[in-house]
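Engineer: The structure that follows is given in the form of structure tokens.
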Amino acid sequence: MLSEPRSGRLAAWGNALLAGSVSPDDAALAIVGDDAVHRVEGLPGEAGPVGLTLALGRLRRLGVSGWRVALPAPGHPLGLSGPPDFNARALEAEEAVVGFGAPYGLVPEVTEAGPVGDLHVEVVWRCLTVREAPPADVPSLGEAERELAEALREATAVLTKLDVAASGPLADAARDAYRARAEAGREVLAPGYPARAVRVLELAQRIGLLIDVAYDHGHGGAVSASEMAARGAALRPVERVARRAQVAAYNAYVEERERER
């Protein structure tokens, strides 16, 4: 949850490009991030893979006027609208972007090579037809913000009760790393997003950090299988709320466009 999904970067910077807030080259650089290269395959009118700049421009001409994010998980098709083939690919990737204004979506296929710390990452975005329908289970920004506030209280109470509170040297290091990233000027969202969307995404990422710490480092007293199962059962609803909020934040650009209609 702490890591920014590639679909989030593509939607955020793709929307900024559509709004004229950034140049095509700047948008492509932000989407690629630390990866080596991103390409788009299956684009209408193209026999093979093409670069991001060409692909985003072509999809705009085909009618895409905004991008939404989907972050599905088993039993939770968050942000998806069909058809089944697209949903299945998105579920396997655990993320996708869905076009608004034209029936196209993109699912990332990630290839990694090399040792840890020196990975060479290539991403192929598979362009597929999507169903033009409301995305599944995506809250409004207001709903997401209220749910997150309650989820943060629940997460803290659960971790304390199970003796896996986000404390200790490893948890402190994780929180310090998060703060350092924020203080270094990391852009949470691309230019043009409302302040509330930035606030919601930041809070969702903080809750995601607590969950990551609990799963990765929070052994505490939860050493038995039953205690570990209880921890997972308690944290899954909180994680679900954080994922819903992430999607709501990334989708805020499209939601504003819909209200303007």
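For the structure tokens, the naming scheme is as follows: chains receive sequential letters (A, B, ...) according to their order of presentation, residues are indexed from 1 within each chain, and ligands are indexed from 1 in presentation order.
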For Asn251 of chain A, work out the shell of residues within 9 Å, counting only C-alpha atoms and skipping chain neighbours fewer than 5 positions away, then give it as a PyMOL selection string.
Structural biologist: chain A and resi 11-12+66-69+138+197+246+256
Engineer: So that I have them on file, write out the residues from the current selection with C-alpha atoms, as a CSV table (one decimal), in the first residue's frame.
Structural biologist:
```
chain,number,residue,atom,x,y,z
A,11,ALA,CA,-3.8,8.0,-14.4
A,12,ALA,CA,-2.6,11.1,-12.5
A,66,GLY,CA,-9.8,11.1,-18.5
A,67,TRP,CA,-8.3,8.2,-16.7
A,68,ARG,CA,-9.5,6.2,-13.7
A,69,VAL,CA,-7.6,3.7,-11.5
A,138,VAL,CA,-15.5,3.6,-5.6
A,197,ALA,CA,-7.6,14.4,-3.2
A,246,GLN,CA,-6.5,5.5,-3.1
A,256,GLU,CA,-14.9,16.5,-11.3
```
Engineer: Would you pick out the contacts of Ala190 of chain A at 8 Å or less, using only C-alpha atoms, so that residues sharing its chain but fewer than 2 positions from it are not included, and give the list as a VMD selection string?
Structural biologist: chain A and resid 12 to 13 16 187 to 188 192 to 193
Engineer: Could those selected residues go to a file with all heavy atoms, as a tab-separated table (two decimals), in the first residue's frame?
Structural biologist:
```tsv
chain	number	residue	atom	x	y	z
A	12	ALA	N	-2.79	9.70	-12.95
A	12	ALA	CA	-2.58	11.06	-12.46
A	12	ALA	C	-1.90	11.94	-13.50
A	12	ALA	O	-2.36	13.05	-13.81
A	12	ALA	CB	-1.76	11.02	-11.17
A	13	TRP	N	-0.80	11.44	-14.05
A	13	TRP	CA	-0.06	12.26	-15.02
A	13	TRP	C	-0.73	12.25	-16.39
A	13	TRP	O	-0.62	13.23	-17.14
A	13	TRP	CB	1.38	11.79	-15.09
A	13	TRP	CG	2.12	12.16	-13.83
A	13	TRP	CD1	2.24	11.41	-12.70
A	13	TRP	CD2	2.75	13.41	-13.57
A	13	TRP	NE1	2.93	12.12	-11.73
A	13	TRP	CE2	3.26	13.33	-12.24
A	13	TRP	CE3	2.96	14.56	-14.30
A	13	TRP	CZ2	3.96	14.39	-11.66
A	13	TRP	CZ3	3.66	15.62	-13.73
A	13	TRP	CH2	4.14	15.52	-12.42
A	16	ALA	N	-3.24	14.95	-15.95
A	16	ALA	CA	-2.58	16.26	-16.00
A	16	ALA	C	-2.24	16.64	-17.45
A	16	ALA	O	-2.35	17.81	-17.84
A	16	ALA	CB	-1.31	16.24	-15.15
A	187	GLU	N	5.90	14.45	-5.19
A	187	GLU	CA	4.56	14.85	-5.58
A	187	GLU	C	3.60	13.68	-5.36
A	187	GLU	O	3.73	12.64	-5.99
A	187	GLU	CB	4.54	15.30	-7.03
A	187	GLU	CG	5.27	16.61	-7.26
A	187	GLU	CD	5.19	17.05	-8.71
A	187	GLU	OE1	6.00	16.57	-9.50
A	187	GLU	OE2	4.33	17.89	-9.03
A	188	VAL	N	2.65	13.86	-4.46
A	188	VAL	CA	1.70	12.79	-4.17
A	188	VAL	C	0.79	12.57	-5.36
A	188	VAL	O	0.46	11.44	-5.72
A	188	VAL	CB	0.90	13.13	-2.90
A	188	VAL	CG1	-0.16	12.06	-2.63
A	188	VAL	CG2	1.83	13.26	-1.71
A	192	GLY	N	-2.91	19.85	-10.86
A	192	GLY	CA	-4.29	19.95	-11.27
A	192	GLY	C	-5.28	19.21	-10.40
A	192	GLY	O	-6.49	19.39	-10.53
A	193	TYR	N	-4.79	18.36	-9.49
A	193	TYR	CA	-5.69	17.62	-8.62
A	193	TYR	C	-6.13	18.50	-7.45
A	193	TYR	O	-5.36	19.32	-6.96
A	193	TYR	CB	-5.01	16.36	-8.08
A	193	TYR	CG	-5.20	15.15	-8.96
A	193	TYR	CD1	-4.40	14.95	-10.07
A	193	TYR	CD2	-6.20	14.21	-8.70
A	193	TYR	CE1	-4.57	13.83	-10.90
A	193	TYR	CE2	-6.38	13.11	-9.52
A	193	TYR	CZ	-5.56	12.92	-10.61
A	193	TYR	OH	-5.75	11.83	-11.42
```
Engineer: Do you know which residues are at most 12 Å from Leu119 of chain A counting only C-alpha atoms, after dropping those on the same chain fewer than 6 positions away, and could you put them as an mmCIF file with all heavy atoms, in the first residue's frame?
Structural biologist:
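Final file, selection13.cif:
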```cif
data_model
loop_
_atom_site.group_PDB
_atom_site.id
_atom_site.type_symbol
_atom_site.label_atom_id
_atom_site.label_comp_id
_atom_site.auth_asym_id
_atom_site.auth_seq_id
_atom_site.Cartn_x
_atom_site.Cartn_y
_atom_site.Cartn_z
ATOM 1 N N ASP A 34 11.141 5.133 -11.929
ATOM 2 C CA ASP A 34 12.421 4.436 -11.836
ATOM 3 C C ASP A 34 12.509 3.230 -12.773
ATOM 4 O O ASP A 34 13.535 2.545 -12.790
ATOM 5 C CB ASP A 34 12.655 3.961 -10.398
ATOM 6 C CG ASP A 34 12.831 5.119 -9.424
ATOM 7 O OD1 ASP A 34 13.306 6.188 -9.858
ATOM 8 O OD2 ASP A 34 12.483 4.958 -8.245
ATOM 9 N N ASP A 35 11.444 2.943 -13.513
ATOM 10 C CA ASP A 35 11.496 1.824 -14.449
ATOM 11 C C ASP A 35 12.379 2.180 -15.645
ATOM 12 O O ASP A 35 12.674 3.359 -15.897
ATOM 13 C CB ASP A 35 10.086 1.478 -14.943
ATOM 14 C CG ASP A 35 9.173 1.033 -13.812
ATOM 15 O OD1 ASP A 35 9.696 0.529 -12.788
ATOM 16 O OD2 ASP A 35 7.946 1.170 -13.960
ATOM 17 N N ALA A 36 12.767 1.167 -16.398
ATOM 18 C CA ALA A 36 13.623 1.397 -17.560
ATOM 19 C C ALA A 36 12.829 1.941 -18.742
ATOM 20 O O ALA A 36 13.236 2.909 -19.394
ATOM 21 C CB ALA A 36 14.333 0.100 -17.954
ATOM 22 N N VAL A 110 4.560 -6.488 -16.116
ATOM 23 C CA VAL A 110 5.867 -6.050 -15.623
ATOM 24 C C VAL A 110 6.891 -7.176 -15.745
ATOM 25 O O VAL A 110 6.632 -8.311 -15.335
ATOM 26 C CB VAL A 110 5.768 -5.591 -14.150
ATOM 27 C CG1 VAL A 110 7.116 -5.099 -13.647
ATOM 28 C CG2 VAL A 110 4.708 -4.498 -14.009
ATOM 29 N N THR A 111 8.051 -6.845 -16.300
ATOM 30 C CA THR A 111 9.163 -7.789 -16.420
ATOM 31 C C THR A 111 10.360 -7.223 -15.661
ATOM 32 O O THR A 111 10.744 -6.065 -15.882
ATOM 33 C CB THR A 111 9.544 -8.023 -17.887
ATOM 34 O OG1 THR A 111 8.396 -8.491 -18.597
ATOM 35 C CG2 THR A 111 10.662 -9.049 -18.000
ATOM 36 N N GLU A 112 10.946 -8.034 -14.786
ATOM 37 C CA GLU A 112 12.110 -7.608 -14.000
ATOM 38 C C GLU A 112 13.289 -8.523 -14.272
ATOM 39 O O GLU A 112 13.125 -9.734 -14.417
ATOM 40 C CB GLU A 112 11.789 -7.625 -12.507
ATOM 41 C CG GLU A 112 10.670 -6.674 -12.097
ATOM 42 C CD GLU A 112 10.393 -6.735 -10.604
ATOM 43 O OE1 GLU A 112 10.900 -7.667 -9.948
ATOM 44 O OE2 GLU A 112 9.676 -5.858 -10.100
ATOM 45 N N ALA A 113 14.468 -7.938 -14.334
ATOM 46 C CA ALA A 113 15.692 -8.715 -14.527
ATOM 47 C C ALA A 113 16.820 -8.054 -13.746
ATOM 48 O O ALA A 113 16.856 -6.830 -13.590
ATOM 49 C CB ALA A 113 16.053 -8.797 -16.005
#
```
Engineer: Can you tell me, as a PyMOL selection string, what residues are no more than 10 Å from segment 77-92 of chain A when counting only C-alpha atoms, ignoring any on the same chain fewer than 5 positions away?
Structural biologist: chain A and resi 68-72+97-98+104-109+126-139+240+243-244+247-248+251
Engineer: At a cut-off of 9 Å, using only C-alpha atoms, what residues contact Pro44 of chain A? Leave out same-chain residues fewer than 6 positions from it and give the result as JSON, numbers by chain.
Structural biologist: {"A": [58, 59, 62, 127]}
Engineer: Just checking: using only C-alpha atoms, which residue out of A:Gly63, A:Pro5, A:Pro74, A:Gly208 ends up closest to Gly99 of chain A?
Structural biologist: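 Once distances to Gly99 of chain A are computed over only C-alpha atoms, the minimum belongs to A:Gly63.
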Engineer: Considering only C-alpha atoms, state which residue in the set A:Val200, A:Val50, A:Val32, A:Ala19 is at the smallest distance from Ser140 of chain A.
Structural biologist: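 Using only C-alpha atoms, Ser140 of chain A sits closest to A:Val200.
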